[in-house]
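Chemist: This is the structure I have questions about; it appears just below.
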Amino acid sequence: MKSDESDREAYPFSSRLSDTSLQINKSLDFDVVLQEVLDSARSVTGARYGVIAILDGSGQLKDVLCSGMTSEEEQQLRDLPNGMLLFEYFSKPEELLRLGDLLGHMRSQGLPDLDPPLEVPPLVSFQSAPIIHMGERLGNIFVGAKETGGEFSSEDEDTLAMLASHAGTAIANARLFRDEQRAKTDLETLIDTSPVGVAVFDARTGAPISLNRELLRIVEGLRNPDQPPEQLLEVMLVRRADGREFPLAEFPFARVLSLGETVHAEEITMQVPDGRSVTALGNATPIRSQEGEVESFVVTLQDMSSVEELDRLRAEFLGMVSHELRVPLTAIKGSATTLLEEGTALDPAEMRQFFRIIVQQTDHMRGLIGNLLDVARIHTGTLPVDSEPVDAVALVDRARSVFLDGGGRHDLDIDVDPDLPLVMADRRRIVQVLGNLLSNAARHSSESSVIRVTAVLRGIHVEISVADEGRGIPADDLPHLFTKFSRIGSGEQGSEIGGAGLGLAICKGIVEAHGGRIHAESDGPGLGARFTFTVPVAENPAPESARPSTPYRKEKKKRTRVLVVDDDPQTLRYVRDALSEAGYTPIVTGDSDEALVLVKEERPQLVILDLLLADSNGIDLMEDIFDVADVPIIFLSVYGRDEVIARAFESGAADYIVKPFSPMELVARVKAALSRWNGGYGIESFEPYVHGDLIINYAERAVTVAGNPVQLTPREYDLLVELSANAGRVVKHGDLLHRVWNPKKPGNIHALRSQLRRLRRKLGDDASDPTYIFVQPRVGYRMPKPEQEE
């Protein structure tokens with residue numbers, strides 16, 4: 001310690017200070033400068049510890065840097081409960097401070113004690129100096145614990161003051177350099193991420209100095225694999241708006257800019273020798289030196305591909321609109337000409353048909369023109385929306401009716417919470433949105449598929465979705481679906497109405513005019529799509545009694561659900577229409593796997609099943625359905641041979657219809673099957689059959705053994721009912737076959753025994769020691785009388 005002190009005393013003060021000043025100004029890195037200042041402060045004052053506190057622009061403590069401490073000592077200092085408070089206190093004075101007893105001074109000023117006390121050697125001696133540059137307070141330097149012991153001298157105080165003065169300049173320069181570097185980095189980042197291509201060229205050589213990412217993207221289509229951008233620029237040709245063409249190296253930007261001019265919004269085409277080209281809108285500005293000479297120039301390029309694509313879409317749109325208007329005009333003109341032709345003898349029925357054509361085509365034209373006007377109003381922000389509190393369920397029901405009345409042939413699965421609050425909406429406009437989405441879904445999915453409509457409450461909005469099982473949408477096309485004139489591909493979901501490409505754009509405009517949002521989702525091609533939009537909830541919903549009724553929900557509850565499974569779309573459509581007109585709710589599918597899912601989820605009361613499906617056998621599928629549901633099954637088939645029909649009945653079919661068939665026959669067969677199933681034996685009012693653990697509840701068609709429900713197929717249940725209704729008596733084989741099977745096409749003894757074996761197994765009845773079903777050899781079967789009659 002004495003050697004260091006003697007060396008410091010032998011070294012002249014001015015030399016030490018000069019060397020220290022050079023050291024702290026050697027770097028412009030802000031953190032390095034701070035560390036050099038702090039280490040130098042300890043060195044020139046002979047202090048064991050040093051701390052520098054840096055203030056921000058508002059004079060608040062920003063950061064603290066320590067020197068001479070171990071990491072544990074520094075952490076202990078920072079963890080002091082009142083540590084930052086003490087730093088702020090000692091950083092406020094703008095004059096020098098030298099203390100012989102730091103802790104005593106703190107007590108005299110009423111400052112809080114260090115709790116817990118520092119484990120470093122006691123900080124008896126202490127001094128600080130403010131760091132000021134051009135009148136601005138940058139921070140403070142603190143040193144403590146003289147290496148030689150004792151207190152700091154007045155010379156130490158002067159030395160620290162001079163060092164703080166030099167440090168102020170060094171810290172200010174480093175801070176300025178840091179801020180400049182940050183600004184430069186921010187500018188480079190801004191340029192590199194700019195949506196406009198930016199290139200900087202040397203004015204003398206024309207060589208590129210920097211190229212941002214957007215510019216590289218613009219010319220990427222011109223570059224060969226592994227060809228560097230610089231080499232591409234060497235072979236690139238530039239064609240100006242006046243038709244002149246020359247190599248980029250000879251492009252006269254440099255000459256023009258050297259005269260102090262700028263190039264503004266000039267359309268140029270960049271082309272490579274093999275003919276590939278790209279068009280961009282170019283701008284150029286000179287960058288001058290302090291002497292006024294042009295050192296470099298900045299070129300910005302705006303990709304014109306999107307503009308060209310928009311022009312193409314507009315031209316295509318105009319062509320489509322012209323076609324859409326020309327078709328109905330041709331029909332109207334033809335009908336009117338026929339009506340006005342002299343000498344044409346038309347009866348009243350023919351004349352009405354021509355008038356009907358004129359009215360229909362006029363309505364079509366009016367709809368198309370209305371769409372065009374809607375697009376124009378959306379674009380100008382003048383789309384009229386007359387919002388009022390409306391029942392969301394009623395909106396969905398109205399859209400459903402409009403869709404079906406307009407010829408919609410898809411099944412609609414509507415799942416709407418009946419307790420939804422009222423929404424603020426223009427009835428006509430929201431029904432228009434739903435109609436557009438339903439038409440879009442129908443256009444891009446097969447008629448055998450189901451379109452699902454849901455409505456749920458999401459915060460302060462009601463969220464309405466329309467989902468289909470159609471062609472789906474590629475992920476890259478999703479962001480462009482709601483763009484005006486968009487016709488995403490020819491096979492994927494689009495936004496065309498009448499081919500004009502306006503449907504989804506109109507939906508977006510209407511929904512946003514209501515204060516909602518609309519978006520599309522799809523897992524990809526072939527996986528369907530889901531369109532969802534929101535409508536705000538009314539602030540003061542009407543009382544429940546004032547809400548309009550929703551008859552379709554009541555109707556849905558009353559209608560009998562019938563699942564139709566057939567891989568022929570025409571048959572599906574034919575059966576669906578016949579059932580719908582008869583008051584049933586058909587659920588259709590052509591997929592056997594999906595049929596099982598629908599049986600579980602939709603719980604139909606009857607299944608109509610094609611005997612020969614492409615992916616499975618109808619009888620096998622019937623057995624699978626019987627395993628999960630207790631429903632009658634009617635087979636459809638082109639095969640009318642007795643052995644085929646007999647096999648179907650033997651397997652458990654409720655009926656068998658040979659194609660072709662009339663809608664009247666189909667509906668009659670369905671009604672008969674449901675009638676037999678829901679009470680053909682007339683015993684619903686009977687008391688339940690009870691024998692031991694077996695209970696048969698006829699009214700609920702439920703069977704339990706020891707309290708556990710037993711799942712029976714329709715045929716098994718019919719057998720059990722027939723035997724229990726005749727309890728105590730033997731029912732002959734022939735009687736069972738005629739009563740349980742179709743009387744005109746009874747089963748055989750083999751089928752009967754097979755059904756009885758399965759029934760016994762489910763009841764847990766041992767054939768060798770029966771409890772419920774007893775065999776009368778060569779005659780029939782019987783069940784014991786119920787306990788209430790014994």
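Simple scheme: letters A, B, ... for chains in structure tokens order, numbers from 1 for residues in each chain, numbers from 1 for ligands in the order shown.
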I want to know what sits within 8 Å of segment 228-240 of chain A, based on only C-alpha atoms, with residues of the same chain fewer than 4 positions away left out; could you give that as a PDB file with N, CA, C and O atoms, in the first residue's frame?

Modeler:
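What ended up in around.pdb:
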```
ATOM      1  N   PRO A 208     -23.534  -0.464 -56.407  1.00  0.00           N
ATOM      2  CA  PRO A 208     -24.466  -0.440 -55.266  1.00  0.00           C
ATOM      3  C   PRO A 208     -23.720  -0.434 -53.939  1.00  0.00           C
ATOM      4  O   PRO A 208     -22.741  -1.162 -53.753  1.00  0.00           O
ATOM      5  N   LEU A 216     -34.517  -6.353 -52.902  1.00  0.00           N
ATOM      6  CA  LEU A 216     -34.075  -7.701 -53.277  1.00  0.00           C
ATOM      7  C   LEU A 216     -35.266  -8.588 -53.635  1.00  0.00           C
ATOM      8  O   LEU A 216     -35.175  -9.416 -54.538  1.00  0.00           O
ATOM      9  N   LEU A 222     -35.934 -12.042 -61.126  1.00  0.00           N
ATOM     10  CA  LEU A 222     -35.022 -11.884 -62.261  1.00  0.00           C
ATOM     11  C   LEU A 222     -33.692 -12.593 -62.020  1.00  0.00           C
ATOM     12  O   LEU A 222     -32.915 -12.791 -62.961  1.00  0.00           O
ATOM     13  N   ARG A 223     -33.438 -12.956 -60.773  1.00  0.00           N
ATOM     14  CA  ARG A 223     -32.126 -13.502 -60.420  1.00  0.00           C
ATOM     15  C   ARG A 223     -32.090 -15.002 -60.634  1.00  0.00           C
ATOM     16  O   ARG A 223     -33.040 -15.714 -60.312  1.00  0.00           O
ATOM     17  N   ARG A 244     -37.051   3.915 -74.362  1.00  0.00           N
ATOM     18  CA  ARG A 244     -35.603   3.722 -74.488  1.00  0.00           C
ATOM     19  C   ARG A 244     -35.132   2.641 -73.528  1.00  0.00           C
ATOM     20  O   ARG A 244     -35.619   2.522 -72.417  1.00  0.00           O
ATOM     21  N   GLU A 245     -34.132   1.878 -74.012  1.00  0.00           N
ATOM     22  CA  GLU A 245     -33.642   0.733 -73.243  1.00  0.00           C
ATOM     23  C   GLU A 245     -32.125   0.744 -73.231  1.00  0.00           C
ATOM     24  O   GLU A 245     -31.492   0.927 -74.277  1.00  0.00           O
ATOM     25  N   PHE A 246     -31.526   0.541 -72.054  1.00  0.00           N
ATOM     26  CA  PHE A 246     -30.068   0.541 -71.944  1.00  0.00           C
ATOM     27  C   PHE A 246     -29.677  -0.199 -70.665  1.00  0.00           C
ATOM     28  O   PHE A 246     -30.493  -0.388 -69.759  1.00  0.00           O
ATOM     29  N   PRO A 247     -28.408  -0.629 -70.565  1.00  0.00           N
ATOM     30  CA  PRO A 247     -27.951  -1.324 -69.351  1.00  0.00           C
ATOM     31  C   PRO A 247     -28.059  -0.415 -68.128  1.00  0.00           C
ATOM     32  O   PRO A 247     -27.932   0.800 -68.235  1.00  0.00           O
ATOM     33  N   LEU A 248     -28.295  -1.046 -66.970  1.00  0.00           N
ATOM     34  CA  LEU A 248     -28.429  -0.265 -65.746  1.00  0.00           C
ATOM     35  C   LEU A 248     -27.182   0.563 -65.463  1.00  0.00           C
ATOM     36  O   LEU A 248     -27.270   1.690 -64.960  1.00  0.00           O
ATOM     37  N   ALA A 249     -26.015   0.017 -65.803  1.00  0.00           N
ATOM     38  CA  ALA A 249     -24.770   0.751 -65.551  1.00  0.00           C
ATOM     39  C   ALA A 249     -24.725   2.079 -66.300  1.00  0.00           C
ATOM     40  O   ALA A 249     -24.054   3.016 -65.884  1.00  0.00           O
ATOM     41  N   PHE A 251     -27.508   3.818 -66.935  1.00  0.00           N
ATOM     42  CA  PHE A 251     -28.696   4.612 -66.623  1.00  0.00           C
ATOM     43  C   PHE A 251     -28.254   5.971 -66.097  1.00  0.00           C
ATOM     44  O   PHE A 251     -27.436   6.048 -65.171  1.00  0.00           O
ATOM     45  N   GLU A 266     -40.997   7.875 -61.916  1.00  0.00           N
ATOM     46  CA  GLU A 266     -40.836   7.444 -63.304  1.00  0.00           C
ATOM     47  C   GLU A 266     -41.015   5.937 -63.372  1.00  0.00           C
ATOM     48  O   GLU A 266     -40.371   5.182 -62.637  1.00  0.00           O
ATOM     49  N   GLU A 267     -41.898   5.496 -64.249  1.00  0.00           N
ATOM     50  CA  GLU A 267     -42.151   4.065 -64.390  1.00  0.00           C
ATOM     51  C   GLU A 267     -41.062   3.435 -65.241  1.00  0.00           C
ATOM     52  O   GLU A 267     -40.845   3.847 -66.380  1.00  0.00           O
ATOM     53  N   ILE A 268     -40.371   2.443 -64.688  1.00  0.00           N
ATOM     54  CA  ILE A 268     -39.289   1.777 -65.404  1.00  0.00           C
ATOM     55  C   ILE A 268     -39.527   0.274 -65.363  1.00  0.00           C
ATOM     56  O   ILE A 268     -40.166  -0.251 -64.441  1.00  0.00           O
ATOM     57  N   THR A 269     -39.010  -0.385 -66.389  1.00  0.00           N
ATOM     58  CA  THR A 269     -39.090  -1.848 -66.459  1.00  0.00           C
ATOM     59  C   THR A 269     -37.679  -2.404 -66.449  1.00  0.00           C
ATOM     60  O   THR A 269     -36.840  -2.015 -67.274  1.00  0.00           O
ATOM     61  N   MET A 270     -37.412  -3.285 -65.491  1.00  0.00           N
ATOM     62  CA  MET A 270     -36.102  -3.928 -65.390  1.00  0.00           C
ATOM     63  C   MET A 270     -36.199  -5.318 -65.994  1.00  0.00           C
ATOM     64  O   MET A 270     -37.116  -6.081 -65.660  1.00  0.00           O
ATOM     65  N   GLN A 271     -35.261  -5.630 -66.862  1.00  0.00           N
ATOM     66  CA  GLN A 271     -35.333  -6.868 -67.631  1.00  0.00           C
ATOM     67  C   GLN A 271     -33.963  -7.525 -67.689  1.00  0.00           C
ATOM     68  O   GLN A 271     -32.929  -6.847 -67.730  1.00  0.00           O
ATOM     69  N   VAL A 272     -33.943  -8.854 -67.709  1.00  0.00           N
ATOM     70  CA  VAL A 272     -32.699  -9.611 -67.851  1.00  0.00           C
ATOM     71  C   VAL A 272     -32.674 -10.221 -69.246  1.00  0.00           C
ATOM     72  O   VAL A 272     -33.709 -10.271 -69.933  1.00  0.00           O
ATOM     73  N   PRO A 273     -31.514 -10.675 -69.721  1.00  0.00           N
ATOM     74  CA  PRO A 273     -31.388 -11.132 -71.117  1.00  0.00           C
ATOM     75  C   PRO A 273     -32.369 -12.216 -71.536  1.00  0.00           C
ATOM     76  O   PRO A 273     -32.742 -12.296 -72.707  1.00  0.00           O
TER      77      PRO A 273
END
```

Chemist: Fewer than 2 positions away in the same chain doesn't count, so skip those; otherwise give me all residues within 12 Å of segment 694-703 of chain A, counting only C-alpha atoms, as a PyMOL selection string.

Modeler: chain A and resi 630-631+677-692+705-714+716-718+720-725+759-760+762-765+771-773+783-788

Chemist: Please dump the current selection as a short mmCIF file (atom, residue, chain, number, x, y, z; two decimals), in the first residue's frame; keep N, CA and C atoms.

Modeler:
```
data_model
loop_
_atom_site.label_atom_id
_atom_site.label_comp_id
_atom_site.auth_asym_id
_atom_site.auth_seq_id
_atom_site.Cartn_x
_atom_site.Cartn_y
_atom_site.Cartn_z
N ASP A 630 -80.63 -47.65 -30.90
CA ASP A 630 -81.82 -48.49 -30.99
C ASP A 630 -82.80 -47.80 -31.94
N VAL A 631 -82.61 -48.00 -33.24
CA VAL A 631 -83.43 -47.32 -34.25
C VAL A 631 -83.85 -48.31 -35.33
N TRP A 677 -92.36 -49.23 -34.59
CA TRP A 677 -91.27 -49.06 -33.61
C TRP A 677 -91.76 -48.36 -32.35
N ASN A 678 -92.65 -47.39 -32.53
CA ASN A 678 -93.08 -46.57 -31.40
C ASN A 678 -94.40 -47.04 -30.80
N GLY A 679 -94.73 -48.29 -30.99
CA GLY A 679 -95.95 -48.76 -30.33
C GLY A 679 -96.76 -49.71 -31.15
N GLY A 680 -96.16 -50.41 -32.05
CA GLY A 680 -96.91 -51.33 -32.89
C GLY A 680 -97.58 -52.44 -32.10
N TYR A 681 -97.15 -52.71 -30.88
CA TYR A 681 -97.72 -53.80 -30.09
C TYR A 681 -98.78 -53.31 -29.12
N GLY A 682 -98.95 -52.01 -29.02
CA GLY A 682 -100.01 -51.44 -28.21
C GLY A 682 -99.87 -51.71 -26.73
N ILE A 683 -98.65 -51.79 -26.22
CA ILE A 683 -98.48 -52.13 -24.80
C ILE A 683 -97.80 -51.00 -24.03
N GLU A 684 -97.78 -49.77 -24.61
CA GLU A 684 -97.09 -48.69 -23.90
C GLU A 684 -97.70 -48.40 -22.54
N SER A 685 -99.01 -48.68 -22.43
CA SER A 685 -99.69 -48.37 -21.16
C SER A 685 -99.58 -49.51 -20.15
N PHE A 686 -98.97 -50.62 -20.54
CA PHE A 686 -98.83 -51.75 -19.63
C PHE A 686 -97.90 -51.37 -18.47
N GLU A 687 -98.12 -52.06 -17.34
CA GLU A 687 -97.19 -51.93 -16.23
C GLU A 687 -95.85 -52.56 -16.62
N PRO A 688 -94.77 -52.06 -16.10
CA PRO A 688 -93.46 -52.65 -16.43
C PRO A 688 -93.43 -54.12 -16.03
N TYR A 689 -92.74 -54.90 -16.83
CA TYR A 689 -92.53 -56.33 -16.52
C TYR A 689 -91.36 -56.43 -15.55
N VAL A 690 -91.57 -57.11 -14.42
CA VAL A 690 -90.52 -57.27 -13.41
C VAL A 690 -90.42 -58.74 -13.04
N HIS A 691 -89.22 -59.28 -13.20
CA HIS A 691 -88.96 -60.66 -12.77
C HIS A 691 -87.50 -60.73 -12.33
N GLY A 692 -87.32 -60.90 -11.02
CA GLY A 692 -85.96 -60.91 -10.50
C GLY A 692 -85.29 -59.56 -10.75
N VAL A 705 -81.17 -54.66 -16.06
CA VAL A 705 -80.90 -55.87 -15.29
C VAL A 705 -80.06 -55.45 -14.10
N ALA A 706 -80.61 -55.69 -12.89
CA ALA A 706 -79.94 -55.28 -11.65
C ALA A 706 -79.63 -53.79 -11.67
N GLY A 707 -80.55 -53.01 -12.26
CA GLY A 707 -80.38 -51.56 -12.29
C GLY A 707 -79.50 -51.04 -13.39
N ASN A 708 -78.86 -51.91 -14.15
CA ASN A 708 -77.98 -51.50 -15.24
C ASN A 708 -78.73 -51.54 -16.56
N PRO A 709 -78.69 -50.44 -17.34
CA PRO A 709 -79.40 -50.43 -18.62
C PRO A 709 -78.81 -51.43 -19.60
N VAL A 710 -79.68 -52.05 -20.39
CA VAL A 710 -79.27 -53.03 -21.39
C VAL A 710 -79.59 -52.46 -22.77
N GLN A 711 -78.56 -52.33 -23.61
CA GLN A 711 -78.73 -51.80 -24.96
C GLN A 711 -79.11 -52.94 -25.90
N LEU A 712 -80.34 -52.89 -26.43
CA LEU A 712 -80.82 -53.93 -27.32
C LEU A 712 -81.06 -53.36 -28.72
N THR A 713 -80.90 -54.21 -29.72
CA THR A 713 -81.25 -53.82 -31.08
C THR A 713 -82.77 -53.82 -31.20
N PRO A 714 -83.31 -53.17 -32.22
CA PRO A 714 -84.78 -53.19 -32.39
C PRO A 714 -85.35 -54.60 -32.43
N GLU A 716 -84.10 -57.38 -31.18
CA GLU A 716 -83.98 -58.02 -29.87
C GLU A 716 -85.05 -57.50 -28.92
N TYR A 717 -85.30 -56.18 -28.95
CA TYR A 717 -86.32 -55.62 -28.07
C TYR A 717 -87.71 -56.15 -28.45
N ASP A 718 -87.98 -56.23 -29.77
CA ASP A 718 -89.28 -56.74 -30.20
C ASP A 718 -89.50 -58.18 -29.72
N LEU A 720 -88.16 -59.58 -27.06
CA LEU A 720 -88.35 -59.54 -25.62
C LEU A 720 -89.76 -59.07 -25.27
N VAL A 721 -90.25 -58.06 -25.99
CA VAL A 721 -91.60 -57.57 -25.74
C VAL A 721 -92.63 -58.65 -26.06
N GLU A 722 -92.46 -59.32 -27.23
CA GLU A 722 -93.42 -60.35 -27.62
C GLU A 722 -93.46 -61.48 -26.59
N LEU A 723 -92.32 -61.90 -26.07
CA LEU A 723 -92.29 -62.99 -25.08
C LEU A 723 -92.84 -62.52 -23.74
N SER A 724 -92.46 -61.30 -23.30
CA SER A 724 -92.92 -60.83 -21.98
C SER A 724 -94.41 -60.49 -22.01
N ALA A 725 -94.93 -60.04 -23.16
CA ALA A 725 -96.37 -59.75 -23.24
C ALA A 725 -97.19 -61.03 -23.14
N LEU A 759 -79.80 -61.98 -27.45
CA LEU A 759 -80.64 -61.40 -26.40
C LEU A 759 -80.31 -61.99 -25.04
N ARG A 760 -80.17 -63.33 -24.98
CA ARG A 760 -79.82 -63.96 -23.71
C ARG A 760 -78.47 -63.48 -23.18
N LYS A 762 -77.01 -60.64 -23.64
CA LYS A 762 -77.10 -59.28 -23.10
C LYS A 762 -77.83 -59.23 -21.76
N LEU A 763 -78.80 -60.18 -21.58
CA LEU A 763 -79.53 -60.22 -20.31
C LEU A 763 -78.78 -60.98 -19.24
N GLY A 764 -77.68 -61.64 -19.62
CA GLY A 764 -76.93 -62.45 -18.65
C GLY A 764 -77.66 -63.72 -18.30
N ASP A 765 -78.46 -64.24 -19.25
CA ASP A 765 -79.27 -65.43 -19.01
C ASP A 765 -78.55 -66.67 -19.53
N THR A 771 -83.09 -68.10 -16.46
CA THR A 771 -83.87 -67.36 -15.47
C THR A 771 -85.03 -66.62 -16.14
N TYR A 772 -84.78 -66.14 -17.38
CA TYR A 772 -85.78 -65.29 -18.03
C TYR A 772 -86.41 -65.93 -19.27
N ILE A 773 -85.62 -66.60 -20.11
CA ILE A 773 -86.15 -67.14 -21.36
C ILE A 773 -85.93 -68.66 -21.37
N MET A 783 -91.45 -66.93 -21.35
CA MET A 783 -90.88 -66.22 -20.21
C MET A 783 -91.80 -66.41 -19.01
N PRO A 784 -91.28 -66.44 -17.79
CA PRO A 784 -92.12 -66.61 -16.60
C PRO A 784 -93.01 -65.39 -16.39
N LYS A 785 -94.10 -65.60 -15.67
CA LYS A 785 -94.98 -64.49 -15.36
C LYS A 785 -94.24 -63.46 -14.51
N PRO A 786 -94.62 -62.19 -14.67
CA PRO A 786 -93.99 -61.16 -13.83
C PRO A 786 -94.32 -61.38 -12.37
N GLU A 787 -93.49 -60.87 -11.47
CA GLU A 787 -93.64 -61.11 -10.04
C GLU A 787 -94.96 -60.59 -9.52
N GLN A 788 -95.47 -59.49 -10.12
CA GLN A 788 -96.71 -58.94 -9.60
C GLN A 788 -97.91 -59.85 -9.85
#
```

Chemist: For Ala648 of chain A, list every protein, DNA or RNA residue within 8 Å, evaluated using only C-alpha atoms, and leave out those in the same chain fewer than 4 positions away; present the list as a PyMOL selection string.

Modeler: chain A and resi 619+635+644+652-653+656

Chemist: Okay, now the selection with C-alpha atoms, as a short mmCIF file (atom, residue, chain, number, x, y, z; two decimals), in the first residue's frame?

Modeler:
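Output contents, as saved in result-v3.cif:
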```cif
data_model
loop_
_atom_site.label_atom_id
_atom_site.label_comp_id
_atom_site.auth_asym_id
_atom_site.auth_seq_id
_atom_site.Cartn_x
_atom_site.Cartn_y
_atom_site.Cartn_z
CA ILE A 619 -75.86 -55.07 -43.64
CA PHE A 635 -82.92 -50.60 -46.71
CA VAL A 644 -81.63 -60.51 -50.84
CA GLY A 652 -82.82 -56.94 -38.41
CA ALA A 653 -84.08 -54.50 -41.06
CA TYR A 656 -86.90 -52.93 -47.56
#
```

Chemist: Write out as a ChimeraX atom specification all residues of segment 628-678 of chain A that backbone DSSP assigns to strand (DSSP E).

Modeler: /A:633-637,655-658

Chemist: Output the selection as a compact mmCIF listing (two decimals), in the first residue's frame - all heavy atoms for each residue.

Modeler:
```txt
# COMPACT_ATOMS: atom_id res chain seq x y z
N ILE A 633 -84.28 -49.50 -39.15
CA ILE A 633 -83.48 -49.25 -40.35
C ILE A 633 -84.23 -49.79 -41.56
O ILE A 633 -84.68 -50.94 -41.58
CB ILE A 633 -82.09 -49.91 -40.24
CG1 ILE A 633 -81.28 -49.25 -39.13
CG2 ILE A 633 -81.35 -49.84 -41.57
CD1 ILE A 633 -79.90 -49.84 -38.92
N ILE A 634 -84.38 -48.92 -42.56
CA ILE A 634 -85.01 -49.29 -43.83
C ILE A 634 -83.94 -49.35 -44.90
O ILE A 634 -83.16 -48.40 -45.05
CB ILE A 634 -86.10 -48.26 -44.22
CG1 ILE A 634 -87.21 -48.23 -43.18
CG2 ILE A 634 -86.66 -48.58 -45.60
CD1 ILE A 634 -88.27 -47.18 -43.45
N PHE A 635 -83.90 -50.46 -45.64
CA PHE A 635 -82.92 -50.60 -46.71
C PHE A 635 -83.48 -50.09 -48.02
O PHE A 635 -84.68 -50.26 -48.32
CB PHE A 635 -82.50 -52.06 -46.87
CG PHE A 635 -81.37 -52.46 -45.97
CD1 PHE A 635 -81.55 -53.44 -45.00
CD2 PHE A 635 -80.13 -51.86 -46.09
CE1 PHE A 635 -80.51 -53.80 -44.17
CE2 PHE A 635 -79.08 -52.23 -45.26
CZ PHE A 635 -79.27 -53.19 -44.30
N LEU A 636 -82.59 -49.45 -48.82
CA LEU A 636 -82.88 -49.10 -50.20
C LEU A 636 -81.96 -49.93 -51.09
O LEU A 636 -80.78 -50.07 -50.78
CB LEU A 636 -82.62 -47.62 -50.47
CG LEU A 636 -83.38 -46.58 -49.65
CD1 LEU A 636 -82.93 -45.18 -50.05
CD2 LEU A 636 -84.88 -46.72 -49.85
N SER A 637 -82.50 -50.46 -52.20
CA SER A 637 -81.63 -51.24 -53.09
C SER A 637 -82.31 -51.43 -54.43
O SER A 637 -83.54 -51.44 -54.54
CB SER A 637 -81.31 -52.61 -52.48
OG SER A 637 -80.49 -53.36 -53.36
N ASP A 655 -87.61 -52.56 -42.77
CA ASP A 655 -88.31 -52.60 -44.04
C ASP A 655 -87.28 -52.61 -45.16
O ASP A 655 -86.08 -52.38 -44.93
CB ASP A 655 -89.26 -51.40 -44.18
CG ASP A 655 -90.43 -51.71 -45.12
OD1 ASP A 655 -90.32 -52.68 -45.90
OD2 ASP A 655 -91.43 -50.98 -45.05
N TYR A 656 -87.78 -52.83 -46.41
CA TYR A 656 -86.90 -52.93 -47.56
C TYR A 656 -87.63 -52.32 -48.75
O TYR A 656 -88.75 -52.74 -49.08
CB TYR A 656 -86.57 -54.40 -47.82
CG TYR A 656 -85.49 -54.66 -48.86
CD1 TYR A 656 -84.20 -55.01 -48.47
CD2 TYR A 656 -85.77 -54.56 -50.22
CE1 TYR A 656 -83.21 -55.26 -49.42
CE2 TYR A 656 -84.78 -54.79 -51.17
CZ TYR A 656 -83.50 -55.14 -50.77
OH TYR A 656 -82.53 -55.38 -51.71
N ILE A 657 -87.01 -51.28 -49.37
CA ILE A 657 -87.64 -50.59 -50.49
C ILE A 657 -86.78 -50.79 -51.73
O ILE A 657 -85.56 -50.53 -51.71
CB ILE A 657 -87.80 -49.08 -50.20
CG1 ILE A 657 -88.58 -48.86 -48.91
CG2 ILE A 657 -88.48 -48.37 -51.36
CD1 ILE A 657 -88.70 -47.42 -48.49
N VAL A 658 -87.42 -51.25 -52.81
CA VAL A 658 -86.70 -51.50 -54.06
C VAL A 658 -86.76 -50.26 -54.93
O VAL A 658 -87.84 -49.66 -55.12
CB VAL A 658 -87.31 -52.71 -54.80
CG1 VAL A 658 -86.57 -52.95 -56.12
CG2 VAL A 658 -87.25 -53.95 -53.92
```

Chemist: To one decimal place, how far is atom CA of Gly408 of chain A from atom CA of Ile369 of chain A in Å?

Modeler: 22.4 Å

Chemist: Near Pro663 of chain A, counting only C-alpha atoms, which residues have an atom at most 9 Å away, once you skip same-chain residues fewer than 2 positions from it, shown as a PDB file with C-alpha atoms, in the first residue's frame?

Modeler:
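out_38.pdb, freshly written:
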```pdb
ATOM      1  CA  TYR A 574     -84.490 -37.274 -54.033  1.00  0.00           C
ATOM      2  CA  VAL A 575     -84.996 -38.859 -50.599  1.00  0.00           C
ATOM      3  CA  ASP A 577     -86.667 -33.626 -50.727  1.00  0.00           C
ATOM      4  CA  ALA A 578     -89.382 -36.239 -50.203  1.00  0.00           C
ATOM      5  CA  LEU A 579     -88.757 -36.382 -46.453  1.00  0.00           C
ATOM      6  CA  PHE A 661     -89.794 -45.793 -55.699  1.00  0.00           C
ATOM      7  CA  GLU A 665     -94.244 -44.950 -51.092  1.00  0.00           C
ATOM      8  CA  LEU A 666     -91.100 -43.824 -49.256  1.00  0.00           C
ATOM      9  CA  VAL A 667     -93.014 -41.642 -46.799  1.00  0.00           C
ATOM     10  CA  ALA A 668     -95.622 -44.360 -46.215  1.00  0.00           C
TER      11      ALA A 668
END
```

Chemist: Applying 8 Å and only C-alpha atoms, which residues near segment 596-601 of chain A remain after dropping the ones on its own chain fewer than 2 positions away? List them as a count of residues only.

Modeler: 10

Chemist: Tell me, which residues of segment 376-622 of chain A carry DSSP helix (DSSP H, G or I), written as an MDAnalysis selection string?

Modeler: chainID A and resid 376:380 392:405 427:443 475:480 503:513 544:546 551:558 569:581 592:602 618:622

Chemist: Using only C-alpha atoms, which of A:Arg217, A:Arg314, A:Lys26, A:Arg276 sits nearest Leu301 of chain A?

Modeler: A:Arg217

Chemist: Do you have the atom CA of Ala442 of chain A-atom CA of Asp568 of chain A distance handy?

Modeler: 18.2 Å

Chemist: Write out as a PyMOL selection string the residues lying within 7 Å of Thr300 of chain A, counting only C-alpha atoms and excluding same-chain residues fewer than 4 positions away.

Modeler: chain A and resi 196-199+282-284
